[in-house]
>>> print(open('data-v9.cif').read())   # mmCIF, C-alpha atoms
data_upload
#
loop_
_atom_site.label_atom_id
_atom_site.label_comp_id
_atom_site.auth_asym_id
_atom_site.auth_seq_id
_atom_site.Cartn_x
_atom_site.Cartn_y
_atom_site.Cartn_z
CA MET A 1 -5.30 -60.90 -15.85
CA GLU A 2 -1.99 -62.52 -15.07
CA ILE A 3 0.39 -61.53 -12.29
CA THR A 4 4.02 -62.48 -12.72
CA PHE A 5 6.44 -62.99 -9.86
CA THR A 6 10.13 -63.90 -9.84
CA PRO A 7 11.82 -65.97 -7.11
CA ILE A 8 14.01 -63.90 -4.78
CA GLY A 9 15.93 -66.89 -3.43
CA THR A 10 15.83 -70.60 -2.67
CA ILE A 11 14.79 -72.47 0.48
CA HIS A 12 16.90 -75.45 1.54
CA SER A 13 15.86 -78.22 3.90
CA PRO A 14 16.57 -81.89 4.65
CA PHE A 15 13.44 -82.83 2.66
CA HIS A 16 14.27 -83.90 -0.87
CA ASP A 17 11.08 -85.88 -1.49
CA PRO A 18 7.56 -84.56 -0.75
CA ALA A 19 6.64 -87.97 0.67
CA GLY A 20 7.65 -88.30 4.30
CA MET A 21 7.82 -84.60 5.06
CA PRO A 22 6.34 -83.19 8.24
CA ILE A 23 3.12 -81.52 7.23
CA GLN A 24 3.40 -78.26 9.15
CA PRO A 25 6.05 -76.30 11.07
CA ALA A 26 4.58 -77.66 14.31
CA GLY A 27 5.60 -81.13 13.12
CA CYS A 28 9.21 -80.23 12.53
CA LEU A 29 10.28 -78.20 15.54
CA GLY A 30 14.04 -77.85 15.37
CA VAL A 31 14.42 -79.07 11.78
CA GLN A 32 17.19 -76.91 10.32
CA GLY A 33 17.32 -75.33 6.90
CA TRP A 34 18.56 -72.22 5.21
CA ILE A 35 17.47 -69.65 2.68
CA ASP A 36 19.87 -68.32 0.06
CA LEU A 37 18.58 -64.92 -0.97
CA LEU A 38 19.67 -63.54 -4.32
CA PRO A 39 22.29 -60.78 -3.83
CA ASP A 40 20.02 -58.13 -5.38
CA TYR A 41 17.83 -58.32 -2.28
CA GLN A 42 20.46 -58.46 0.47
CA ALA A 43 19.84 -54.83 1.54
CA CYS A 44 16.17 -55.71 2.23
CA LEU A 45 17.38 -57.89 5.14
CA LYS A 46 18.43 -54.95 7.35
CA ASP A 47 16.72 -55.10 10.79
CA LEU A 48 15.26 -58.54 10.15
CA ASP A 49 17.74 -60.16 12.55
CA GLN A 50 15.86 -58.47 15.42
CA PHE A 51 12.93 -60.81 14.81
CA SER A 52 12.73 -64.35 16.15
CA HIS A 53 10.23 -65.61 13.57
CA ILE A 54 9.44 -64.78 9.96
CA TYR A 55 6.76 -65.60 7.42
CA ALA A 56 8.17 -67.23 4.29
CA LEU A 57 5.96 -67.13 1.20
CA TYR A 58 7.05 -69.55 -1.49
CA HIS A 59 6.03 -71.35 -4.65
CA PHE A 60 4.79 -74.94 -4.29
CA HIS A 61 6.87 -75.74 -7.37
CA LYS A 62 6.15 -79.48 -7.32
CA SER A 63 2.40 -79.06 -7.17
CA GLY A 64 0.67 -79.89 -10.43
CA GLY A 65 -2.79 -78.42 -10.94
CA TRP A 66 -5.42 -77.86 -8.29
CA SER A 67 -8.36 -79.68 -6.75
CA ALA A 68 -11.53 -78.20 -5.29
CA GLU A 69 -11.38 -80.80 -2.52
CA VAL A 70 -8.49 -82.70 -1.01
CA VAL A 71 -8.16 -85.38 1.64
CA PRO A 72 -5.78 -83.70 4.10
CA PHE A 73 -3.04 -85.73 5.76
CA MET A 74 -4.78 -85.29 9.10
CA ASP A 75 -8.20 -86.44 8.00
CA SER A 76 -10.00 -89.14 6.06
CA ASN A 77 -12.71 -86.86 4.66
CA PRO A 78 -12.42 -84.70 1.56
CA ARG A 79 -12.25 -81.06 2.62
CA GLY A 80 -12.68 -77.88 0.64
CA LEU A 81 -9.26 -76.81 -0.58
CA PHE A 82 -9.35 -73.36 1.04
CA SER A 83 -9.98 -74.99 4.44
CA THR A 84 -6.62 -76.78 4.07
CA ARG A 85 -3.00 -75.84 3.46
CA ALA A 86 -2.56 -78.51 0.76
CA PRO A 87 -0.28 -77.51 -2.13
CA ARG A 88 -2.73 -78.26 -4.97
CA ARG A 89 -4.08 -74.67 -5.05
CA PRO A 90 -5.19 -72.46 -7.97
CA ASN A 91 -2.22 -70.24 -7.10
CA PRO A 92 0.22 -72.63 -5.41
CA ILE A 93 1.64 -70.24 -2.80
CA GLY A 94 2.94 -71.75 0.44
CA LEU A 95 3.12 -69.93 3.77
CA SER A 96 5.23 -71.02 6.75
CA VAL A 97 6.27 -69.40 10.01
CA LEU A 98 9.99 -70.12 10.39
CA LYS A 99 12.26 -69.52 13.36
CA LEU A 100 15.07 -67.21 12.30
CA GLU A 101 18.35 -68.47 13.79
CA GLY A 102 20.70 -66.00 12.14
CA ILE A 103 21.62 -64.03 9.04
CA SER A 104 25.04 -63.98 7.38
CA GLY A 105 25.31 -62.08 4.11
CA CYS A 106 22.60 -63.43 1.82
CA ARG A 107 22.06 -66.58 3.89
CA LEU A 108 19.33 -66.94 6.52
CA GLU A 109 19.63 -69.89 8.89
CA VAL A 110 16.12 -71.02 9.81
CA SER A 111 14.45 -73.82 11.76
CA ASN A 112 11.00 -75.44 12.00
CA VAL A 113 11.25 -75.91 8.23
CA ASP A 114 8.34 -77.83 6.66
CA ILE A 115 9.37 -76.97 3.12
CA LEU A 116 10.83 -79.05 0.29
CA ASP A 117 14.52 -78.51 -0.53
CA GLY A 118 14.96 -76.27 -3.56
CA THR A 119 11.67 -74.38 -3.12
CA PRO A 120 11.61 -70.92 -4.77
CA LEU A 121 11.16 -68.10 -2.25
CA LEU A 122 8.71 -65.30 -3.09
CA ASP A 123 8.69 -63.06 -0.01
CA LEU A 124 9.76 -62.68 3.62
CA LYS A 125 7.78 -60.77 6.24
CA PRO A 126 8.26 -60.25 9.98
CA TYR A 127 6.01 -62.43 12.11
CA VAL A 128 4.16 -60.07 14.45
CA PRO A 129 1.07 -61.77 15.88
CA GLN A 130 0.15 -58.50 17.64
CA PHE A 131 -0.90 -57.23 14.21
CA ASP A 132 -3.41 -59.99 13.71
CA MET A 133 -5.59 -59.37 16.79
CA VAL A 134 -7.42 -62.65 16.72
CA GLU A 135 -10.24 -63.13 19.22
CA ASN A 136 -12.71 -66.01 19.62
CA LEU A 137 -10.73 -68.35 17.39
CA LYS A 138 -12.46 -71.37 15.83
CA ILE A 139 -10.53 -73.88 13.69
CA GLY A 140 -13.31 -76.07 12.32
CA TRP A 141 -12.48 -79.62 11.30
CA LEU A 142 -8.98 -79.18 12.68
CA GLN A 143 -10.19 -78.70 16.25
CA ASP A 144 -9.59 -82.30 17.28
CA LYS A 145 -6.54 -82.72 15.13
CA ALA A 146 -4.31 -79.85 16.20
CA ASP A 147 -2.10 -82.25 18.17
CA VAL A 148 -1.87 -84.82 15.40
CA VAL A 149 0.08 -82.33 13.31
CA LYS A 150 3.14 -82.85 15.48
CA THR A 151 3.66 -86.44 14.41
CA GLN A 152 1.84 -86.88 11.10
CA VAL A 153 4.03 -86.97 8.00
CA SER A 154 3.03 -86.55 4.38
CA ASP A 155 2.71 -89.06 1.58
CA ARG A 156 2.56 -88.55 -2.16
CA ARG A 157 -1.07 -87.53 -2.36
CA PHE A 158 -0.45 -83.96 -3.52
CA ILE A 159 2.22 -84.92 -6.02
CA ASP A 160 0.58 -87.71 -7.94
CA ASP A 161 -2.57 -87.38 -9.94
CA GLN A 162 -4.87 -89.58 -7.86
CA GLN A 163 -6.29 -86.58 -6.09
CA VAL A 164 -9.90 -86.17 -5.11
CA LYS A 165 -11.27 -83.60 -7.53
CA MET B 1 12.38 -67.97 -13.94
CA GLU B 2 8.95 -66.41 -13.86
CA ILE B 3 5.94 -67.68 -11.92
CA THR B 4 2.53 -66.63 -13.17
CA PHE B 5 -0.56 -66.41 -10.99
CA THR B 6 -4.14 -65.46 -11.82
CA PRO B 7 -6.52 -63.69 -9.41
CA ILE B 8 -9.20 -65.97 -7.98
CA GLY B 9 -11.45 -63.14 -6.83
CA THR B 10 -11.59 -59.53 -5.64
CA ILE B 11 -11.44 -58.05 -2.14
CA HIS B 12 -13.80 -55.19 -1.32
CA SER B 13 -13.44 -52.72 1.55
CA PRO B 14 -14.36 -49.15 2.51
CA PHE B 15 -10.84 -48.04 1.52
CA HIS B 16 -10.73 -46.54 -1.96
CA ASP B 17 -7.53 -44.57 -1.49
CA PRO B 18 -4.30 -46.02 -0.06
CA ALA B 19 -3.82 -42.81 1.94
CA GLY B 20 -5.74 -42.90 5.22
CA MET B 21 -6.05 -46.66 5.46
CA PRO B 22 -5.41 -48.44 8.73
CA ILE B 23 -2.02 -50.04 8.40
CA GLN B 24 -2.73 -53.50 9.80
CA PRO B 25 -5.76 -55.62 10.72
CA ALA B 26 -5.21 -54.68 14.37
CA GLY B 27 -5.93 -51.09 13.39
CA CYS B 28 -9.25 -51.86 11.77
CA LEU B 29 -11.04 -54.19 14.15
CA GLY B 30 -14.63 -54.45 12.98
CA VAL B 31 -14.09 -52.83 9.57
CA GLN B 32 -16.35 -54.75 7.21
CA GLY B 33 -15.58 -55.91 3.70
CA TRP B 34 -16.31 -58.79 1.39
CA ILE B 35 -14.56 -61.07 -1.06
CA ASP B 36 -16.17 -62.06 -4.34
CA LEU B 37 -14.62 -65.33 -5.39
CA LEU B 38 -14.77 -66.31 -9.05
CA PRO B 39 -17.38 -69.06 -9.57
CA ASP B 40 -14.74 -71.55 -10.78
CA TYR B 41 -13.45 -71.76 -7.21
CA GLN B 42 -16.69 -71.90 -5.25
CA ALA B 43 -16.31 -75.62 -4.48
CA CYS B 44 -12.98 -74.89 -2.76
CA LEU B 45 -14.92 -73.03 -0.03
CA LYS B 46 -16.45 -76.19 1.47
CA ASP B 47 -15.71 -76.48 5.22
CA LEU B 48 -14.18 -73.01 5.39
CA ASP B 49 -17.23 -71.64 7.24
CA GLN B 50 -16.13 -73.68 10.27
CA PHE B 51 -13.18 -71.33 10.74
CA SER B 52 -13.40 -67.98 12.48
CA HIS B 53 -10.33 -66.46 10.80
CA ILE B 54 -8.61 -66.89 7.45
CA TYR B 55 -5.39 -65.81 5.80
CA ALA B 56 -5.96 -63.81 2.63
CA LEU B 57 -3.02 -63.58 0.22
CA TYR B 58 -3.41 -60.86 -2.35
CA HIS B 59 -1.64 -58.71 -4.92
CA PHE B 60 -0.58 -55.21 -3.84
CA HIS B 61 -1.80 -54.04 -7.22
CA LYS B 62 -1.19 -50.34 -6.56
CA SER B 63 2.41 -50.84 -5.48
CA GLY B 64 4.92 -49.65 -8.07
CA GLY B 65 8.40 -51.11 -7.84
CA TRP B 66 10.28 -52.03 -4.69
CA SER B 67 12.67 -50.43 -2.23
CA ALA B 68 15.39 -52.12 -0.18
CA GLU B 69 14.50 -49.85 2.74
CA VAL B 70 11.28 -48.09 3.67
CA VAL B 71 10.23 -45.74 6.45
CA PRO B 72 7.31 -47.64 7.98
CA PHE B 73 4.20 -45.79 9.10
CA MET B 74 5.04 -46.65 12.70
CA ASP B 75 8.61 -45.42 12.67
CA SER B 76 10.81 -42.56 11.59
CA ASN B 77 13.83 -44.69 10.67
CA PRO B 78 14.40 -46.46 7.37
CA ARG B 79 14.00 -50.21 7.93
CA GLY B 80 14.98 -53.13 5.76
CA LEU B 81 12.00 -54.00 3.59
CA PHE B 82 11.71 -57.61 4.76
CA SER B 83 11.41 -56.41 8.37
CA THR B 84 8.25 -54.53 7.37
CA ARG B 85 4.91 -55.33 5.74
CA ALA B 86 5.15 -52.37 3.35
CA PRO B 87 3.71 -52.98 -0.15
CA ARG B 88 6.81 -51.96 -2.13
CA ARG B 89 8.19 -55.53 -2.29
CA PRO B 90 10.05 -57.40 -5.06
CA ASN B 91 6.99 -59.67 -5.26
CA PRO B 92 4.15 -57.45 -3.98
CA ILE B 93 2.15 -60.10 -2.13
CA GLY B 94 0.04 -58.96 0.83
CA LEU B 95 -0.98 -61.15 3.76
CA SER B 96 -3.81 -60.37 6.18
CA VAL B 97 -5.64 -62.34 8.86
CA LEU B 98 -9.34 -61.62 8.34
CA LYS B 99 -12.30 -62.52 10.52
CA LEU B 100 -14.70 -64.65 8.52
CA GLU B 101 -18.27 -63.52 9.24
CA GLY B 102 -20.07 -65.75 6.76
CA ILE B 103 -20.13 -67.34 3.32
CA SER B 104 -22.99 -67.15 0.84
CA GLY B 105 -22.38 -68.63 -2.58
CA CYS B 106 -19.19 -67.07 -3.92
CA ARG B 107 -19.25 -64.19 -1.43
CA LEU B 108 -17.32 -64.17 1.83
CA GLU B 109 -18.25 -61.52 4.38
CA VAL B 110 -15.13 -60.56 6.31
CA SER B 111 -14.06 -58.04 8.93
CA ASN B 112 -10.82 -56.52 10.23
CA VAL B 113 -10.08 -55.61 6.62
CA ASP B 114 -6.90 -53.56 6.10
CA ILE B 115 -6.95 -53.97 2.32
CA LEU B 116 -7.66 -51.57 -0.53
CA ASP B 117 -11.00 -51.94 -2.32
CA GLY B 118 -10.61 -53.83 -5.61
CA THR B 119 -7.52 -55.80 -4.56
CA PRO B 120 -6.97 -59.04 -6.53
CA LEU B 121 -7.17 -62.14 -4.32
CA LEU B 122 -4.53 -64.86 -4.81
CA ASP B 123 -5.27 -67.44 -2.12
CA LEU B 124 -7.24 -68.23 1.04
CA LYS B 125 -5.98 -70.46 3.85
CA PRO B 126 -7.41 -71.40 7.24
CA TYR B 127 -5.82 -69.52 10.13
CA VAL B 128 -4.61 -72.16 12.57
CA PRO B 129 -2.02 -70.70 14.95
CA GLN B 130 -1.54 -74.15 16.48
CA PHE B 131 0.40 -75.03 13.32
CA ASP B 132 2.91 -72.29 13.84
CA MET B 133 4.21 -73.28 17.28
CA VAL B 134 5.96 -70.03 18.07
CA GLU B 135 8.03 -69.89 21.26
CA ASN B 136 10.26 -67.11 22.60
CA LEU B 137 8.89 -64.51 20.22
CA LYS B 138 10.92 -61.35 19.50
CA ILE B 139 9.57 -58.58 17.26
CA GLY B 140 12.59 -56.29 16.93
CA TRP B 141 12.00 -52.64 16.14
CA LEU B 142 8.25 -53.18 16.50
CA GLN B 143 8.51 -54.09 20.19
CA ASP B 144 7.62 -50.62 21.43
CA LYS B 145 5.22 -49.91 18.61
CA ALA B 146 2.83 -52.84 18.72
CA ASP B 147 0.17 -50.67 20.35
CA VAL B 148 0.61 -47.78 17.92
CA VAL B 149 -0.68 -49.97 15.11
CA LYS B 150 -4.20 -49.68 16.45
CA THR B 151 -4.48 -45.98 15.72
CA GLN B 152 -1.89 -45.19 13.07
CA VAL B 153 -3.19 -44.69 9.53
CA SER B 154 -1.29 -44.70 6.28
CA ASP B 155 -0.27 -41.87 3.97
CA ARG B 156 0.87 -41.95 0.35
CA ARG B 157 4.45 -43.01 1.00
CA PHE B 158 4.21 -46.40 -0.68
CA ILE B 159 2.30 -45.13 -3.68
CA ASP B 160 4.36 -42.15 -4.75
CA ASP B 161 7.94 -42.26 -5.90
CA GLN B 162 9.59 -40.35 -3.05
CA GLN B 163 10.55 -43.58 -1.31
CA VAL B 164 13.75 -44.15 0.58
CA LYS B 165 15.76 -46.51 -1.60
#
>>> encode(input="data-v9.cif", output="structure tokens")
Amino acid sequence: MEITFTPIGTIHSPFHDPAGMPIQPAGCLGVQGWIDLLPDYQACLKDLDQFSHIYALYHFHKSGGWSAEVVPFMDSNPRGLFSTRAPRRPNPIGLSVLKLEGISGCRLEVSNVDILDGTPLLDLKPYVPQFDMVENLKIGWLQDKADVVKTQVSDRRFIDDQQVK
Amino acid sequence: MEITFTPIGTIHSPFHDPAGMPIQPAGCLGVQGWIDLLPDYQACLKDLDQFSHIYALYHFHKSGGWSAEVVPFMDSNPRGLFSTRAPRRPNPIGLSVLKLEGISGCRLEVSNVDILDGTPLLDLKPYVPQFDMVENLKIGWLQDKADVVKTQVSDRRFIDDQQVK
């Protein structure tokens, strides 16, 4: 069964090359970008300007194929793909929490952007952590690395074909 | 431009009818379900059992069409679609934070499930709030309603065709 989606807009950022990008929003606090939504969807934006943060769901359009294991940027061990946010996924959908700076017409000004310029947008949702009710959080192999994310940048490992399979 | 995805598994829950479901994970603390991943992707699960919570991305397969505005379950006013998590989206992708209770083979036991039984799974990601670095959070029209989510259940408004456009 196939499921077909259509981009609803385009995400813009200072990052034109996947190599050298910050690897998570926490690594790019303050990095500015913008989203140009297609005019068909402008009316969907009503009320969104009351929110400080939004989820952006997008297509990792530069990711070719998928790998069951990847060596994440923050680690030297191969990790199961679903325990990472690496782009080489069976369905290459990216998820970022962005700070919403303002909305003007079809343009959303955003910051904390860890996304490649030109990325196709699939969906926007309000970020409401109250909905997620997380207790007793454990973050596995990332426990000792949560601070590293702020300074680590990416390389070409998820673009080229030399991936761990 | 079309983007085609293929389900990687199926989400199971006690909810066989969209009417009467809890409307967010916070409203279904402890509700048990499971995910049957297709065997092709079993190797992607390595290391995931170290995490207490995961993001599930899935296809709102019972959602027909989209609406620029919807009346959310928690409100009596029409709200812009992107300021809600309602299923009637241009690209009907759902996002839930699930508690991961255990993994056995291709089966993931999960709880806090606010998802319809039989929902096609698109992706799994580790839930690592440290990556999202949210400061000065504002949640707009949901500010006074964040507690209501725990008890409110859904009705048929996003299934039938009587939607606010």
>>> closest_atom_pairs(input="data-v9.cif", of="chain A", to="chain B", cutoff="6 Å", atoms="all atoms listed in the file", output="CSV")
residue,atom,partner,partner_atom,distance
A:Glu2,CA,B:Thr6,CA,4.9
A:Ile3,CA,B:Phe5,CA,5.1
A:Thr4,CA,B:Thr4,CA,4.4
A:Phe5,CA,B:Ile3,CA,5.1
A:Thr6,CA,B:Glu2,CA,4.9
A:Pro25,CA,B:Asp132,CA,5.8
A:Ala26,CA,B:Phe131,CA,5.0
A:Ala43,CA,B:Ala68,CA,5.5
A:Cys44,CA,B:Ala68,CA,4.4
A:Leu45,CA,B:Gly80,CA,5.4
A:Lys46,CA,B:Gly80,CA,4.2
A:Asp47,CA,B:Gly80,CA,5.7
A:Leu48,CA,B:Ser83,CA,4.7
A:Gln50,CA,B:Gly140,CA,4.2
A:Phe51,CA,B:Ile139,CA,4.7
A:Ser52,CA,B:Lys138,CA,4.8
A:Ala68,CA,B:Cys44,CA,4.4
A:Gly80,CA,B:Lys46,CA,4.2
A:Leu81,CA,B:Cys44,CA,4.7
A:Phe82,CA,B:Lys125,CA,5.3
A:Ser83,CA,B:Leu48,CA,4.7
A:Asn91,CA,B:Phe5,CA,5.7
A:Val97,CA,B:Asp132,CA,5.9
A:Leu124,CA,B:Phe82,CA,5.6
A:Lys125,CA,B:Phe82,CA,5.3
A:Pro126,CA,B:Ser83,CA,5.2
A:Phe131,CA,B:Ala26,CA,5.0
A:Asp132,CA,B:Ala26,CA,5.6
A:Met133,CA,B:Ala26,CA,5.3
A:Leu137,CA,B:Ser52,CA,5.6
A:Lys138,CA,B:Ser52,CA,4.9
A:Ile139,CA,B:Phe51,CA,4.7
A:Gly140,CA,B:Gln50,CA,4.2
>>> resolve_selection(input="data-v9.cif", expression="the PyMOL selection byres ((chain A and resi 109) around 9)", output="PyMOL selection string")
chain A and resi 32-36+99-104+107-108+110-111
>>> atom_distance(input="data-v9.cif", atom1="CA of Thr10 (chain A)", atom2="CA of Asp117 (chain A)")
8.3 Å
>>> atom_distance(input="data-v9.cif", atom1="CA of Thr119 (chain A)", atom2="CA of Leu38 (chain A)")
13.5 Å
>>> calpha_fit_and_write(input="data-v9.cif", fixed="chain B", moving="chain A", output="compact mmCIF listing (two decimals) with C-alpha atoms, keeping the file's coordinate frame")
# COMPACT_ATOMS: atom_id res chain seq x y z
CA MET A 1 12.38 -67.98 -13.92
CA GLU A 2 8.96 -66.41 -13.85
CA ILE A 3 5.95 -67.67 -11.91
CA THR A 4 2.55 -66.62 -13.16
CA PHE A 5 -0.54 -66.41 -10.98
CA THR A 6 -4.12 -65.45 -11.82
CA PRO A 7 -6.49 -63.68 -9.40
CA ILE A 8 -9.18 -65.97 -7.97
CA GLY A 9 -11.43 -63.12 -6.83
CA THR A 10 -11.58 -59.53 -5.64
CA ILE A 11 -11.42 -58.05 -2.14
CA HIS A 12 -13.78 -55.18 -1.32
CA SER A 13 -13.43 -52.72 1.53
CA PRO A 14 -14.36 -49.15 2.49
CA PHE A 15 -10.84 -48.04 1.51
CA HIS A 16 -10.74 -46.55 -1.97
CA ASP A 17 -7.53 -44.57 -1.50
CA PRO A 18 -4.30 -46.02 -0.04
CA ALA A 19 -3.83 -42.81 1.96
CA GLY A 20 -5.75 -42.89 5.22
CA MET A 21 -6.06 -46.65 5.47
CA PRO A 22 -5.43 -48.44 8.74
CA ILE A 23 -2.04 -50.04 8.41
CA GLN A 24 -2.76 -53.49 9.80
CA PRO A 25 -5.79 -55.62 10.73
CA ALA A 26 -5.23 -54.67 14.38
CA GLY A 27 -5.96 -51.07 13.37
CA CYS A 28 -9.28 -51.83 11.77
CA LEU A 29 -11.06 -54.18 14.14
CA GLY A 30 -14.64 -54.45 12.96
CA VAL A 31 -14.10 -52.81 9.56
CA GLN A 32 -16.36 -54.75 7.19
CA GLY A 33 -15.58 -55.92 3.70
CA TRP A 34 -16.29 -58.79 1.39
CA ILE A 35 -14.54 -61.07 -1.05
CA ASP A 36 -16.16 -62.04 -4.34
CA LEU A 37 -14.60 -65.32 -5.39
CA LEU A 38 -14.76 -66.29 -9.04
CA PRO A 39 -17.38 -69.04 -9.57
CA ASP A 40 -14.75 -71.53 -10.78
CA TYR A 41 -13.44 -71.74 -7.21
CA GLN A 42 -16.69 -71.87 -5.24
CA ALA A 43 -16.32 -75.61 -4.48
CA CYS A 44 -12.97 -74.88 -2.76
CA LEU A 45 -14.92 -73.03 -0.03
CA LYS A 46 -16.47 -76.19 1.47
CA ASP A 47 -15.71 -76.47 5.23
CA LEU A 48 -14.19 -73.00 5.40
CA ASP A 49 -17.23 -71.63 7.24
CA GLN A 50 -16.13 -73.67 10.29
CA PHE A 51 -13.18 -71.32 10.73
CA SER A 52 -13.38 -67.97 12.48
CA HIS A 53 -10.32 -66.46 10.80
CA ILE A 54 -8.61 -66.88 7.45
CA TYR A 55 -5.37 -65.81 5.80
CA ALA A 56 -5.94 -63.81 2.63
CA LEU A 57 -3.01 -63.58 0.23
CA TYR A 58 -3.40 -60.85 -2.36
CA HIS A 59 -1.62 -58.71 -4.91
CA PHE A 60 -0.57 -55.21 -3.83
CA HIS A 61 -1.79 -54.03 -7.23
CA LYS A 62 -1.16 -50.33 -6.56
CA SER A 63 2.43 -50.82 -5.49
CA GLY A 64 4.93 -49.65 -8.07
CA GLY A 65 8.43 -51.11 -7.83
CA TRP A 66 10.29 -52.01 -4.67
CA SER A 67 12.70 -50.43 -2.22
CA ALA A 68 15.41 -52.12 -0.17
CA GLU A 69 14.50 -49.86 2.74
CA VAL A 70 11.29 -48.10 3.66
CA VAL A 71 10.25 -45.74 6.43
CA PRO A 72 7.34 -47.65 7.98
CA PHE A 73 4.23 -45.79 9.09
CA MET A 74 5.05 -46.64 12.69
CA ASP A 75 8.62 -45.42 12.66
CA SER A 76 10.82 -42.55 11.58
CA ASN A 77 13.84 -44.69 10.68
CA PRO A 78 14.39 -46.47 7.38
CA ARG A 79 14.01 -50.21 7.93
CA GLY A 80 14.98 -53.15 5.77
CA LEU A 81 12.01 -54.01 3.59
CA PHE A 82 11.73 -57.63 4.77
CA SER A 83 11.43 -56.41 8.38
CA THR A 84 8.26 -54.54 7.36
CA ARG A 85 4.93 -55.34 5.73
CA ALA A 86 5.17 -52.37 3.34
CA PRO A 87 3.73 -52.99 -0.14
CA ARG A 88 6.82 -51.96 -2.14
CA ARG A 89 8.20 -55.53 -2.29
CA PRO A 90 10.06 -57.41 -5.05
CA ASN A 91 7.00 -59.67 -5.25
CA PRO A 92 4.17 -57.45 -3.98
CA ILE A 93 2.16 -60.10 -2.13
CA GLY A 94 0.04 -58.96 0.82
CA LEU A 95 -0.97 -61.15 3.75
CA SER A 96 -3.80 -60.38 6.19
CA VAL A 97 -5.63 -62.35 8.86
CA LEU A 98 -9.33 -61.61 8.34
CA LYS A 99 -12.28 -62.52 10.53
CA LEU A 100 -14.69 -64.64 8.51
CA GLU A 101 -18.26 -63.51 9.24
CA GLY A 102 -20.06 -65.73 6.76
CA ILE A 103 -20.12 -67.32 3.32
CA SER A 104 -22.99 -67.12 0.84
CA GLY A 105 -22.37 -68.62 -2.59
CA CYS A 106 -19.18 -67.06 -3.93
CA ARG A 107 -19.24 -64.18 -1.44
CA LEU A 108 -17.30 -64.17 1.84
CA GLU A 109 -18.24 -61.51 4.37
CA VAL A 110 -15.11 -60.55 6.30
CA SER A 111 -14.04 -58.03 8.92
CA ASN A 112 -10.80 -56.50 10.24
CA VAL A 113 -10.07 -55.59 6.61
CA ASP A 114 -6.88 -53.55 6.09
CA ILE A 115 -6.94 -53.98 2.32
CA LEU A 116 -7.65 -51.56 -0.53
CA ASP A 117 -10.99 -51.94 -2.33
CA GLY A 118 -10.60 -53.81 -5.61
CA THR A 119 -7.51 -55.79 -4.56
CA PRO A 120 -6.97 -59.04 -6.52
CA LEU A 121 -7.15 -62.14 -4.32
CA LEU A 122 -4.52 -64.86 -4.81
CA ASP A 123 -5.27 -67.44 -2.11
CA LEU A 124 -7.24 -68.22 1.04
CA LYS A 125 -5.98 -70.45 3.85
CA PRO A 126 -7.41 -71.40 7.25
CA TYR A 127 -5.82 -69.52 10.13
CA VAL A 128 -4.61 -72.16 12.58
CA PRO A 129 -2.02 -70.69 14.95
CA GLN A 130 -1.54 -74.15 16.49
CA PHE A 131 0.38 -75.03 13.33
CA ASP A 132 2.90 -72.28 13.82
CA MET A 133 4.21 -73.28 17.27
CA VAL A 134 5.95 -70.05 18.06
CA GLU A 135 8.02 -69.91 21.24
CA ASN A 136 10.26 -67.13 22.60
CA LEU A 137 8.89 -64.52 20.22
CA LYS A 138 10.92 -61.37 19.52
CA ILE A 139 9.58 -58.60 17.26
CA GLY A 140 12.58 -56.31 16.92
CA TRP A 141 12.00 -52.65 16.14
CA LEU A 142 8.26 -53.19 16.51
CA GLN A 143 8.51 -54.10 20.19
CA ASP A 144 7.61 -50.63 21.44
CA LYS A 145 5.22 -49.92 18.63
CA ALA A 146 2.83 -52.86 18.75
CA ASP A 147 0.15 -50.66 20.34
CA VAL A 148 0.61 -47.79 17.93
CA VAL A 149 -0.69 -49.99 15.13
CA LYS A 150 -4.22 -49.67 16.47
CA THR A 151 -4.50 -45.97 15.73
CA GLN A 152 -1.88 -45.18 13.08
CA VAL A 153 -3.20 -44.70 9.55
CA SER A 154 -1.29 -44.71 6.29
CA ASP A 155 -0.29 -41.90 3.98
CA ARG A 156 0.84 -41.98 0.37
CA ARG A 157 4.41 -43.03 1.00
CA PHE A 158 4.16 -46.43 -0.68
CA ILE A 159 2.22 -45.14 -3.66
CA ASP A 160 4.26 -42.17 -4.75
CA ASP A 161 7.83 -42.32 -5.89
CA GLN A 162 9.48 -40.41 -3.04
CA GLN A 163 10.43 -43.62 -1.33
CA VAL A 164 13.67 -44.20 0.50
CA LYS A 165 15.66 -46.50 -1.76
>>> atom_distance(input="data-v9.cif", atom1="CA of Leu37 (chain A)", atom2="CA of Ala56 (chain A)")
11.9 Å
>>> closest_residue(input="data-v9.cif", among="B:Val113, B:Gly105, B:Ser76, B:Gly9", to="Gly30 (chain B)", atoms="only C-alpha atoms")
B:Val113
